[in-house]
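start24.csv, holding CSV, C-alpha atoms:
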```
chain,number,residue,atom,x,y,z
F,22,MET,CA,0.0,0.0,0.0
F,23,SER,CA,1.2,3.5,-0.8
F,24,GLU,CA,2.3,6.0,1.8
F,25,GLN,CA,0.0,8.7,3.1
F,26,LEU,CA,-0.6,11.8,1.2
F,27,THR,CA,-0.2,15.2,2.8
F,28,SER,CA,-2.8,17.9,2.4
F,29,ALA,CA,-0.5,19.8,0.0
F,30,GLU,CA,-0.1,16.7,-2.1
F,31,ILE,CA,-3.8,16.1,-2.2
F,32,LYS,CA,-4.4,19.7,-3.3
F,33,LYS,CA,-1.7,19.3,-6.1
F,34,GLN,CA,-3.5,16.1,-7.3
F,35,LEU,CA,-6.8,17.8,-7.3
F,36,ASP,CA,-5.5,20.8,-9.3
F,37,SER,CA,-4.1,18.5,-12.0
F,38,VAL,CA,-6.9,15.9,-12.1
F,39,PHE,CA,-10.1,17.8,-11.7
F,40,SER,CA,-9.3,21.1,-13.3
F,41,ASP,CA,-11.0,20.2,-16.6
F,42,GLU,CA,-14.0,18.2,-15.2
F,43,LEU,CA,-14.8,20.5,-12.2
F,44,VAL,CA,-14.9,24.1,-13.4
F,45,GLU,CA,-16.6,25.0,-10.1
F,46,CYS,CA,-13.6,23.6,-8.1
F,47,THR,CA,-13.3,26.5,-5.7
F,48,LYS,CA,-11.5,26.9,-2.4
F,49,PRO,CA,-14.4,25.7,-0.3
F,50,LEU,CA,-14.6,22.5,-2.4
F,51,LEU,CA,-10.9,21.9,-1.9
F,52,GLN,CA,-11.2,22.4,1.8
F,53,ASN,CA,-14.2,20.0,2.0
F,54,PHE,CA,-12.2,17.3,0.1
F,55,GLN,CA,-9.1,17.8,2.3
F,56,LYS,CA,-11.4,17.6,5.4
F,57,LEU,CA,-12.9,14.3,4.1
F,58,MET,CA,-9.4,12.9,3.5
F,59,ALA,CA,-8.4,13.9,7.0
F,60,TYR,CA,-11.4,12.0,8.3
F,61,TYR,CA,-10.3,8.9,6.3
F,62,ARG,CA,-6.8,9.1,7.8
F,63,CYS,CA,-8.4,9.3,11.3
F,64,ALA,CA,-10.5,6.2,10.5
F,65,MET,CA,-7.3,4.3,9.4
F,66,MET,CA,-5.6,5.3,12.6
F,67,GLU,CA,-8.6,3.9,14.6
F,68,ILE,CA,-8.4,0.6,12.8
F,69,GLU,CA,-4.7,0.3,13.0
F,70,THR,CA,-4.8,1.0,16.8
F,71,LYS,CA,-7.5,-1.7,17.2
F,72,PHE,CA,-5.3,-4.2,15.5
F,73,ASN,CA,-2.2,-3.2,17.5
F,74,VAL,CA,-4.2,-3.7,20.7
F,75,LEU,CA,-5.4,-7.1,19.5
F,76,ASP,CA,-1.8,-8.1,18.5
F,77,GLU,CA,-0.6,-7.2,22.0
F,78,GLU,CA,-3.4,-9.1,23.7
F,79,PHE,CA,-3.0,-12.3,21.6
F,80,SER,CA,0.8,-12.2,22.0
F,81,LEU,CA,0.3,-12.9,25.7
F,82,ALA,CA,-1.9,-15.9,25.1
F,83,LEU,CA,0.0,-17.3,22.1
F,84,ASP,CA,3.5,-16.4,23.2
F,85,ARG,CA,4.0,-14.9,19.7
F,86,ASN,CA,2.6,-12.0,17.7
F,87,PRO,CA,-0.1,-12.9,15.2
F,88,ILE,CA,0.5,-9.7,13.2
F,89,ASN,CA,3.6,-9.4,11.1
F,90,SER,CA,2.9,-5.9,9.7
F,91,ILE,CA,0.2,-3.3,9.2
F,92,LYS,CA,0.2,-0.9,6.3
F,93,THR,CA,-2.3,1.9,5.5
F,94,ARG,CA,-3.0,3.7,2.3
F,95,LEU,CA,-5.3,6.5,1.0
F,96,LYS,CA,-6.6,6.0,-2.5
F,97,SER,CA,-5.1,8.5,-4.9
F,98,VAL,CA,-7.3,11.3,-6.4
F,99,ASN,CA,-6.8,9.9,-9.9
F,100,SER,CA,-8.0,6.5,-8.8
F,101,MET,CA,-11.1,7.9,-7.1
F,102,ARG,CA,-11.9,9.9,-10.2
F,103,GLU,CA,-11.5,6.9,-12.5
F,104,LYS,CA,-13.6,4.7,-10.3
F,105,LEU,CA,-16.4,7.3,-10.1
F,106,LYS,CA,-16.3,7.6,-13.9
F,107,ARG,CA,-16.5,3.8,-14.4
F,108,LYS,CA,-19.5,3.7,-12.2
F,109,LYS,CA,-21.0,6.7,-14.0
F,110,LEU,CA,-21.3,8.7,-10.7
F,111,ASP,CA,-20.9,12.4,-10.0
F,112,LEU,CA,-17.3,13.7,-9.6
F,113,THR,CA,-18.1,15.3,-6.2
F,114,VAL,CA,-16.8,15.1,-2.7
F,115,SER,CA,-20.1,13.8,-1.4
F,116,SER,CA,-20.1,11.1,-4.2
F,117,VAL,CA,-16.7,9.9,-3.0
F,118,GLU,CA,-18.0,9.5,0.6
F,119,GLU,CA,-21.3,7.9,-0.4
F,120,ASN,CA,-20.1,5.5,-3.1
F,121,LEU,CA,-16.5,4.6,-2.7
F,122,TYR,CA,-15.9,2.1,0.1
F,123,ASP,CA,-12.1,1.6,-0.4
F,124,VAL,CA,-10.8,5.2,-0.1
F,125,ALA,CA,-9.1,4.3,3.2
F,126,GLY,CA,-7.3,1.0,3.2
F,127,VAL,CA,-5.6,-1.1,6.0
F,128,ARG,CA,-3.6,-4.2,5.1
F,129,VAL,CA,-2.8,-6.6,8.0
F,130,VAL,CA,-0.2,-9.2,7.2
F,131,CYS,CA,-0.5,-12.2,9.6
F,132,SER,CA,1.8,-15.1,10.4
F,133,PHE,CA,-0.6,-18.0,9.8
F,134,PRO,CA,-4.0,-18.4,8.0
F,135,ASP,CA,-5.8,-19.1,11.3
F,136,ASP,CA,-4.5,-15.8,12.6
F,137,VAL,CA,-6.4,-14.0,9.8
F,138,TYR,CA,-9.7,-15.3,11.0
F,139,MET,CA,-8.9,-15.0,14.6
F,140,LEU,CA,-8.1,-11.3,14.2
F,141,ALA,CA,-11.0,-10.6,11.9
F,142,ASN,CA,-13.5,-12.2,14.3
F,143,ALA,CA,-12.1,-10.3,17.3
F,144,LEU,CA,-12.3,-7.0,15.4
F,145,LEU,CA,-15.9,-7.6,14.2
F,146,LYS,CA,-17.0,-8.5,17.8
F,147,GLN,CA,-16.2,-4.9,18.9
F,148,ASP,CA,-19.4,-3.0,19.5
F,149,ASP,CA,-18.2,0.1,17.6
F,150,ILE,CA,-17.4,-1.8,14.4
F,151,THR,CA,-20.1,-2.4,11.8
F,152,LEU,CA,-19.5,-4.9,9.0
F,153,VAL,CA,-20.6,-3.5,5.6
F,154,GLU,CA,-19.2,-6.2,3.3
F,155,ALA,CA,-17.0,-9.3,3.5
F,156,LYS,CA,-15.3,-11.2,0.6
F,157,ASP,CA,-13.3,-14.3,1.5
F,158,TYR,CA,-10.7,-14.9,-1.2
F,159,ILE,CA,-8.9,-17.3,1.0
F,160,LYS,CA,-11.6,-19.9,1.1
F,161,ASN,CA,-12.6,-18.9,-2.5
F,162,PRO,CA,-9.5,-17.6,-4.3
F,163,LYS,CA,-9.8,-15.4,-7.4
F,164,PRO,CA,-9.3,-17.2,-10.7
F,165,ASN,CA,-5.7,-15.9,-10.9
F,166,GLY,CA,-4.9,-17.4,-7.5
F,167,TYR,CA,-5.2,-14.2,-5.4
F,168,ARG,CA,-6.0,-15.0,-1.7
F,169,SER,CA,-6.9,-12.5,1.0
F,170,LEU,CA,-9.8,-11.7,3.3
F,171,HIS,CA,-11.4,-8.4,2.5
F,172,LEU,CA,-13.7,-6.6,4.9
F,173,ILE,CA,-15.4,-3.2,4.5
F,174,VAL,CA,-16.2,-1.9,8.0
F,175,GLU,CA,-17.6,1.3,9.4
F,176,VAL,CA,-15.8,2.8,12.4
F,177,PRO,CA,-16.7,6.0,14.3
F,178,ILE,CA,-14.1,8.7,14.6
F,179,PHE,CA,-14.4,11.2,17.5
F,180,LEU,CA,-13.9,14.8,16.5
F,181,ALA,CA,-14.0,17.9,18.6
F,182,HIS,CA,-17.7,18.4,18.2
F,183,GLU,CA,-19.1,15.3,16.6
F,184,LYS,CA,-18.8,11.5,16.2
F,185,LYS,CA,-18.6,10.6,12.5
F,186,PRO,CA,-18.8,7.0,11.0
F,187,MET,CA,-16.3,6.3,8.3
F,188,LYS,CA,-15.8,3.3,6.0
F,189,VAL,CA,-12.5,1.5,5.8
F,190,GLU,CA,-11.4,-1.4,3.6
F,191,ILE,CA,-9.4,-4.0,5.5
F,192,GLN,CA,-7.3,-6.7,3.8
F,193,LEU,CA,-6.0,-9.6,6.0
F,194,ARG,CA,-3.6,-12.1,4.5
F,195,THR,CA,-0.6,-14.2,5.5
F,196,ILE,CA,3.1,-13.4,4.7
F,197,ALA,CA,2.9,-15.9,1.8
F,198,MET,CA,-0.2,-14.4,0.4
F,199,ASP,CA,1.2,-10.9,0.6
F,200,SER,CA,4.5,-11.9,-1.1
F,201,TRP,CA,2.6,-13.6,-3.9
F,202,ALA,CA,0.3,-10.6,-4.4
F,203,SER,CA,3.2,-8.1,-4.5
F,204,LEU,CA,5.2,-10.1,-7.0
F,205,GLU,CA,2.2,-10.9,-9.1
F,206,HIS,CA,1.4,-7.2,-9.4
F,207,GLN,CA,5.0,-6.4,-10.4
F,208,LEU,CA,5.1,-9.1,-13.1
F,209,ARG,CA,1.6,-8.6,-14.5
F,210,TYR,CA,1.8,-4.9,-14.9
F,211,LYS,CA,5.4,-4.6,-16.1
F,212,LYS,CA,5.6,-2.0,-18.9
F,213,ASP,CA,6.1,-3.1,-22.4
F,214,TYR,CA,5.5,-6.8,-21.7
F,215,ASN,CA,2.8,-8.9,-23.1
F,216,PHE,CA,1.5,-11.0,-20.2
F,217,ASP,CA,0.4,-14.2,-21.8
F,218,GLU,CA,-1.6,-17.3,-20.7
F,219,ARG,CA,1.6,-19.3,-20.0
F,220,MET,CA,2.7,-16.7,-17.5
F,221,ALA,CA,-0.8,-16.6,-15.9
F,222,ASN,CA,-0.8,-20.3,-15.5
F,223,GLU,CA,2.7,-20.2,-13.9
F,224,LEU,CA,1.5,-17.5,-11.5
F,225,LEU,CA,-1.5,-19.6,-10.6
F,226,ARG,CA,0.8,-22.6,-9.9
F,227,CYS,CA,2.8,-20.3,-7.6
F,228,ALA,CA,-0.4,-19.3,-5.8
F,229,GLU,CA,-1.2,-23.0,-5.2
F,230,LEU,CA,2.3,-23.5,-3.8
F,231,SER,CA,1.9,-20.5,-1.6
F,232,ALA,CA,-1.4,-22.0,-0.3
F,233,GLU,CA,0.4,-25.3,0.4
F,234,LEU,CA,3.1,-23.5,2.3
F,235,ASP,CA,0.5,-21.8,4.5
F,236,ALA,CA,-1.2,-25.2,5.2
F,237,ARG,CA,2.1,-26.8,6.1
F,238,MET,CA,3.2,-23.9,8.3
F,239,ASP,CA,-0.2,-24.0,10.1
F,240,ALA,CA,0.3,-27.8,10.7
F,241,LEU,CA,3.8,-27.2,12.1
F,242,ARG,CA,2.4,-24.5,14.4
F,243,ASP,CA,-0.2,-26.9,15.7
F,244,ILE,CA,2.5,-29.4,16.5
F,245,VAL,CA,4.5,-26.9,18.4
F,246,GLN,CA,1.5,-25.6,20.4
F,247,ASN,CA,0.3,-29.1,21.3
F,248,GLU,CA,3.7,-30.1,22.6
F,249,ASN,CA,3.9,-27.1,24.9
```

Here is a file; write its structure as structure tokens.
Amino acid sequence: MSEQLTSAEIKKQLDSVFSDELVECTKPLLQNFQKLMAYYRCAMMEIETKFNVLDEEFSLALDRNPINSIKTRLKSVNSMREKLKRKKLDLTVSSVEENLYDVAGVRVVCSFPDDVYMLANALLKQDDITLVEAKDYIKNPKPNGYRSLHLIVEVPIFLAHEKKPMKVEIQLRTIAMDSWASLEHQLRYKKDYNFDERMANELLRCAELSAELDARMDALRDIVQNEN
């Protein structure tokens, strides 16, 4: 996931991306957009904190940390614009908030497959978290072999004078799943290369080997835990 954008960087993107489409793009509109992005950053911080707390709690019971890393990203202005255009939706600030559920993203990379579900279930049990949508690409991988658990949740952020619910996309995956996804993206979208069926089949085979690795590591973990 990409690094966070500053307010100045967001303004620069807006000036370059929306100048033609949004003639009415005035200072108040820019301020509203920057405010919305700040709210999304706050929502990501809330989710990241919740996972850090869960990681600390589970580390006491498991004698290990179930979370390997947490990354956050804010969708780029250009990506938001293109998605709204594909959906034939208005290119407005309110349209972003109402129709795009993946503006704020949190990726949690776990040690083992069981950790993915353990953490997801623990998060969803919290009374301030509302599940909007869930897609399990671990139990039902995508045709190209991609595996990950995707959750869209709504979490409240507490501002100076209000409490505001915000949507965040969460991806939970293992180290093996994350490595495969990262390398697959580099290979598939390499410039000036024709990605053919042979390469797609080879990547699918790599995904299957990655799944086998996860299963074997889970089995080894069970052996270690049962002998303690």

Neighbour list for F:Cys227 as a PDB file with C-alpha atoms, in the frame of the given file, cut-off 9 Å, all atoms listed in the file, skip fewer than 5 positions in-chain:
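Result file is selection-v9.pdb:
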```pdb
ATOM      1  CA  GLY F 166      -4.900 -17.400  -7.500  1.00  0.00           C
ATOM      2  CA  TRP F 201       2.600 -13.600  -3.900  1.00  0.00           C
ATOM      3  CA  ASN F 222      -0.800 -20.300 -15.500  1.00  0.00           C
ATOM      4  CA  ALA F 232      -1.400 -22.000  -0.300  1.00  0.00           C
TER       5      ALA F 232
END
```

Which residue out of F:Val117, F:Ala221, F:Leu112, F:Ala82 has the minimum interatomic distance to F:Met58 when all atoms listed in the file are used?
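For F:Met58, the nearest of the given residues is F:Val117.
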
Can you tell me how far atom CA of F:Ser97 sits from atom CA of F:Val153, in Å to one decimal?
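Atom-to-atom, atom CA of F:Ser97 and atom CA of F:Val153 are spaced 22.2 Å apart.
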
Residues at most 12 Å from stretch 137-143 of chain F, counting only C-alpha atoms, excluding those fewer than 3 positions away in the same chain, as a ChimeraX atom specification?
/F:68,71-80,83,86-89,128-134,146-148,150,152,155,157-160,168-174,191-196,198,235,239

Could you check how far atom CA of F:Pro177 sits from atom CA of F:Glu67, in Å to one decimal?
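For atom CA of F:Pro177 relative to atom CA of F:Glu67, the distance reads 8.4 Å.
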
Between atom CA of F:Asp123 and atom CA of F:Val189, what distance in Å does the model show, to one decimal?
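So the two atoms, atom CA of F:Asp123 and atom CA of F:Val189, lie 6.2 Å apart.
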
Go through F:Leu230, F:Ala125, F:Val114, F:Ala240 and flag the residue nearest F:Cys63, using all atoms listed in the file for the distances.
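That would be F:Ala125, the residue with the smallest distance to F:Cys63.
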
Is it possible to produce a file of stretch 67-83 of chain F from this structure, with all heavy atoms, as a PDB file, in the first residue's frame?
```pdb
ATOM      1  N   GLU F  67      -7.739   4.672  13.664  1.00  0.00           N
ATOM      2  CA  GLU F  67      -8.592   3.934  14.604  1.00  0.00           C
ATOM      3  C   GLU F  67      -8.460   2.427  14.378  1.00  0.00           C
ATOM      4  O   GLU F  67      -8.286   1.649  15.326  1.00  0.00           O
ATOM      5  CB  GLU F  67     -10.055   4.356  14.423  1.00  0.00           C
ATOM      6  CG  GLU F  67     -10.391   5.752  14.897  1.00  0.00           C
ATOM      7  CD  GLU F  67     -10.545   5.834  16.406  1.00  0.00           C
ATOM      8  OE1 GLU F  67     -10.546   4.772  17.068  1.00  0.00           O
ATOM      9  OE2 GLU F  67     -10.666   6.964  16.919  1.00  0.00           O
ATOM     10  N   ILE F  68      -8.535   1.999  13.112  1.00  0.00           N
ATOM     11  CA  ILE F  68      -8.448   0.575  12.800  1.00  0.00           C
ATOM     12  C   ILE F  68      -7.056   0.034  13.114  1.00  0.00           C
ATOM     13  O   ILE F  68      -6.909  -1.060  13.678  1.00  0.00           O
ATOM     14  CB  ILE F  68      -8.797   0.327  11.312  1.00  0.00           C
ATOM     15  CG1 ILE F  68     -10.268   0.672  11.047  1.00  0.00           C
ATOM     16  CG2 ILE F  68      -8.510  -1.123  10.925  1.00  0.00           C
ATOM     17  CD1 ILE F  68     -11.266  -0.181  11.787  1.00  0.00           C
ATOM     18  N   GLU F  69      -6.042   0.786  12.751  1.00  0.00           N
ATOM     19  CA  GLU F  69      -4.668   0.344  13.024  1.00  0.00           C
ATOM     20  C   GLU F  69      -4.445   0.172  14.523  1.00  0.00           C
ATOM     21  O   GLU F  69      -3.820  -0.801  14.969  1.00  0.00           O
ATOM     22  CB  GLU F  69      -3.663   1.344  12.445  1.00  0.00           C
ATOM     23  CG  GLU F  69      -2.227   0.886  12.574  1.00  0.00           C
ATOM     24  CD  GLU F  69      -1.235   1.826  11.890  1.00  0.00           C
ATOM     25  OE1 GLU F  69      -1.652   2.914  11.466  1.00  0.00           O
ATOM     26  OE2 GLU F  69      -0.051   1.446  11.789  1.00  0.00           O
ATOM     27  N   THR F  70      -4.959   1.111  15.311  1.00  0.00           N
ATOM     28  CA  THR F  70      -4.822   1.013  16.765  1.00  0.00           C
ATOM     29  C   THR F  70      -5.522  -0.226  17.304  1.00  0.00           C
ATOM     30  O   THR F  70      -4.998  -0.938  18.175  1.00  0.00           O
ATOM     31  CB  THR F  70      -5.386   2.275  17.445  1.00  0.00           C
ATOM     32  OG1 THR F  70      -4.634   3.409  17.025  1.00  0.00           O
ATOM     33  CG2 THR F  70      -5.322   2.156  18.962  1.00  0.00           C
ATOM     34  N   LYS F  71      -6.721  -0.504  16.779  1.00  0.00           N
ATOM     35  CA  LYS F  71      -7.457  -1.683  17.229  1.00  0.00           C
ATOM     36  C   LYS F  71      -6.668  -2.963  16.958  1.00  0.00           C
ATOM     37  O   LYS F  71      -6.609  -3.861  17.810  1.00  0.00           O
ATOM     38  CB  LYS F  71      -8.825  -1.743  16.531  1.00  0.00           C
ATOM     39  CG  LYS F  71      -9.836  -0.732  17.055  1.00  0.00           C
ATOM     40  CD  LYS F  71     -11.129  -0.800  16.269  1.00  0.00           C
ATOM     41  CE  LYS F  71     -12.166   0.161  16.850  1.00  0.00           C
ATOM     42  NZ  LYS F  71     -12.611  -0.226  18.206  1.00  0.00           N
ATOM     43  N   PHE F  72      -6.050  -3.054  15.790  1.00  0.00           N
ATOM     44  CA  PHE F  72      -5.268  -4.244  15.470  1.00  0.00           C
ATOM     45  C   PHE F  72      -4.002  -4.321  16.326  1.00  0.00           C
ATOM     46  O   PHE F  72      -3.590  -5.418  16.730  1.00  0.00           O
ATOM     47  CB  PHE F  72      -4.925  -4.274  13.985  1.00  0.00           C
ATOM     48  CG  PHE F  72      -6.019  -4.847  13.129  1.00  0.00           C
ATOM     49  CD1 PHE F  72      -6.644  -4.065  12.173  1.00  0.00           C
ATOM     50  CD2 PHE F  72      -6.445  -6.169  13.279  1.00  0.00           C
ATOM     51  CE1 PHE F  72      -7.660  -4.585  11.380  1.00  0.00           C
ATOM     52  CE2 PHE F  72      -7.461  -6.691  12.495  1.00  0.00           C
ATOM     53  CZ  PHE F  72      -8.074  -5.903  11.542  1.00  0.00           C
ATOM     54  N   ASN F  73      -3.391  -3.191  16.615  1.00  0.00           N
ATOM     55  CA  ASN F  73      -2.210  -3.205  17.481  1.00  0.00           C
ATOM     56  C   ASN F  73      -2.564  -3.684  18.887  1.00  0.00           C
ATOM     57  O   ASN F  73      -1.784  -4.425  19.514  1.00  0.00           O
ATOM     58  CB  ASN F  73      -1.574  -1.814  17.544  1.00  0.00           C
ATOM     59  CG  ASN F  73      -0.740  -1.493  16.319  1.00  0.00           C
ATOM     60  OD1 ASN F  73      -0.091  -2.381  15.758  1.00  0.00           O
ATOM     61  ND2 ASN F  73      -0.741  -0.245  15.892  1.00  0.00           N
ATOM     62  N   VAL F  74      -3.723  -3.273  19.368  1.00  0.00           N
ATOM     63  CA  VAL F  74      -4.176  -3.720  20.689  1.00  0.00           C
ATOM     64  C   VAL F  74      -4.450  -5.228  20.674  1.00  0.00           C
ATOM     65  O   VAL F  74      -4.053  -5.959  21.595  1.00  0.00           O
ATOM     66  CB  VAL F  74      -5.439  -2.943  21.119  1.00  0.00           C
ATOM     67  CG1 VAL F  74      -6.046  -3.572  22.378  1.00  0.00           C
ATOM     68  CG2 VAL F  74      -5.106  -1.473  21.365  1.00  0.00           C
ATOM     69  N   LEU F  75      -5.118  -5.708  19.631  1.00  0.00           N
ATOM     70  CA  LEU F  75      -5.387  -7.143  19.512  1.00  0.00           C
ATOM     71  C   LEU F  75      -4.087  -7.946  19.415  1.00  0.00           C
ATOM     72  O   LEU F  75      -3.958  -9.023  20.008  1.00  0.00           O
ATOM     73  CB  LEU F  75      -6.265  -7.423  18.292  1.00  0.00           C
ATOM     74  CG  LEU F  75      -7.718  -6.970  18.384  1.00  0.00           C
ATOM     75  CD1 LEU F  75      -8.412  -7.130  17.032  1.00  0.00           C
ATOM     76  CD2 LEU F  75      -8.474  -7.768  19.454  1.00  0.00           C
ATOM     77  N   ASP F  76      -3.136  -7.418  18.672  1.00  0.00           N
ATOM     78  CA  ASP F  76      -1.846  -8.100  18.539  1.00  0.00           C
ATOM     79  C   ASP F  76      -1.163  -8.227  19.895  1.00  0.00           C
ATOM     80  O   ASP F  76      -0.598  -9.277  20.231  1.00  0.00           O
ATOM     81  CB  ASP F  76      -0.952  -7.321  17.566  1.00  0.00           C
ATOM     82  CG  ASP F  76       0.339  -8.044  17.258  1.00  0.00           C
ATOM     83  OD1 ASP F  76       0.292  -9.224  16.859  1.00  0.00           O
ATOM     84  OD2 ASP F  76       1.413  -7.428  17.401  1.00  0.00           O
ATOM     85  N   GLU F  77      -1.223  -7.160  20.679  1.00  0.00           N
ATOM     86  CA  GLU F  77      -0.613  -7.187  22.010  1.00  0.00           C
ATOM     87  C   GLU F  77      -1.322  -8.192  22.914  1.00  0.00           C
ATOM     88  O   GLU F  77      -0.682  -8.958  23.649  1.00  0.00           O
ATOM     89  CB  GLU F  77      -0.671  -5.781  22.629  1.00  0.00           C
ATOM     90  CG  GLU F  77       0.054  -5.646  23.948  1.00  0.00           C
ATOM     91  CD  GLU F  77       1.562  -5.760  23.817  1.00  0.00           C
ATOM     92  OE1 GLU F  77       2.077  -5.522  22.706  1.00  0.00           O
ATOM     93  OE2 GLU F  77       2.215  -6.083  24.826  1.00  0.00           O
ATOM     94  N   GLU F  78      -2.655  -8.194  22.854  1.00  0.00           N
ATOM     95  CA  GLU F  78      -3.421  -9.125  23.692  1.00  0.00           C
ATOM     96  C   GLU F  78      -3.143 -10.579  23.316  1.00  0.00           C
ATOM     97  O   GLU F  78      -2.856 -11.417  24.184  1.00  0.00           O
ATOM     98  CB  GLU F  78      -4.914  -8.843  23.559  1.00  0.00           C
ATOM     99  CG  GLU F  78      -5.781  -9.802  24.383  1.00  0.00           C
ATOM    100  CD  GLU F  78      -7.266  -9.643  24.116  1.00  0.00           C
ATOM    101  OE1 GLU F  78      -7.634  -8.823  23.260  1.00  0.00           O
ATOM    102  OE2 GLU F  78      -8.046 -10.368  24.764  1.00  0.00           O
ATOM    103  N   PHE F  79      -3.218 -10.892  22.021  1.00  0.00           N
ATOM    104  CA  PHE F  79      -3.008 -12.269  21.581  1.00  0.00           C
ATOM    105  C   PHE F  79      -1.567 -12.730  21.793  1.00  0.00           C
ATOM    106  O   PHE F  79      -1.318 -13.926  21.960  1.00  0.00           O
ATOM    107  CB  PHE F  79      -3.401 -12.428  20.113  1.00  0.00           C
ATOM    108  CG  PHE F  79      -4.879 -12.502  19.890  1.00  0.00           C
ATOM    109  CD1 PHE F  79      -5.510 -11.613  19.034  1.00  0.00           C
ATOM    110  CD2 PHE F  79      -5.652 -13.466  20.528  1.00  0.00           C
ATOM    111  CE1 PHE F  79      -6.887 -11.674  18.819  1.00  0.00           C
ATOM    112  CE2 PHE F  79      -7.023 -13.534  20.331  1.00  0.00           C
ATOM    113  CZ  PHE F  79      -7.642 -12.640  19.477  1.00  0.00           C
ATOM    114  N   SER F  80      -0.625 -11.802  21.797  1.00  0.00           N
ATOM    115  CA  SER F  80       0.775 -12.192  22.011  1.00  0.00           C
ATOM    116  C   SER F  80       0.975 -12.788  23.404  1.00  0.00           C
ATOM    117  O   SER F  80       1.844 -13.638  23.606  1.00  0.00           O
ATOM    118  CB  SER F  80       1.704 -10.997  21.821  1.00  0.00           C
ATOM    119  OG  SER F  80       1.580 -10.063  22.887  1.00  0.00           O
ATOM    120  N   LEU F  81       0.159 -12.362  24.363  1.00  0.00           N
ATOM    121  CA  LEU F  81       0.260 -12.900  25.724  1.00  0.00           C
ATOM    122  C   LEU F  81      -0.246 -14.334  25.787  1.00  0.00           C
ATOM    123  O   LEU F  81       0.339 -15.186  26.451  1.00  0.00           O
ATOM    124  CB  LEU F  81      -0.539 -12.017  26.689  1.00  0.00           C
ATOM    125  CG  LEU F  81      -0.089 -10.556  26.804  1.00  0.00           C
ATOM    126  CD1 LEU F  81      -1.051  -9.770  27.696  1.00  0.00           C
ATOM    127  CD2 LEU F  81       1.331 -10.479  27.355  1.00  0.00           C
ATOM    128  N   ALA F  82      -1.349 -14.588  25.075  1.00  0.00           N
ATOM    129  CA  ALA F  82      -1.939 -15.935  25.106  1.00  0.00           C
ATOM    130  C   ALA F  82      -1.180 -16.915  24.212  1.00  0.00           C
ATOM    131  O   ALA F  82      -1.053 -18.100  24.540  1.00  0.00           O
ATOM    132  CB  ALA F  82      -3.399 -15.861  24.662  1.00  0.00           C
ATOM    133  N   LEU F  83      -0.656 -16.420  23.090  1.00  0.00           N
ATOM    134  CA  LEU F  83      -0.027 -17.299  22.106  1.00  0.00           C
ATOM    135  C   LEU F  83       1.482 -17.383  22.249  1.00  0.00           C
ATOM    136  O   LEU F  83       2.120 -18.251  21.650  1.00  0.00           O
ATOM    137  CB  LEU F  83      -0.354 -16.822  20.684  1.00  0.00           C
ATOM    138  CG  LEU F  83      -1.833 -16.719  20.312  1.00  0.00           C
ATOM    139  CD1 LEU F  83      -1.980 -16.095  18.928  1.00  0.00           C
ATOM    140  CD2 LEU F  83      -2.491 -18.097  20.354  1.00  0.00           C
TER     141      LEU F  83
END
```
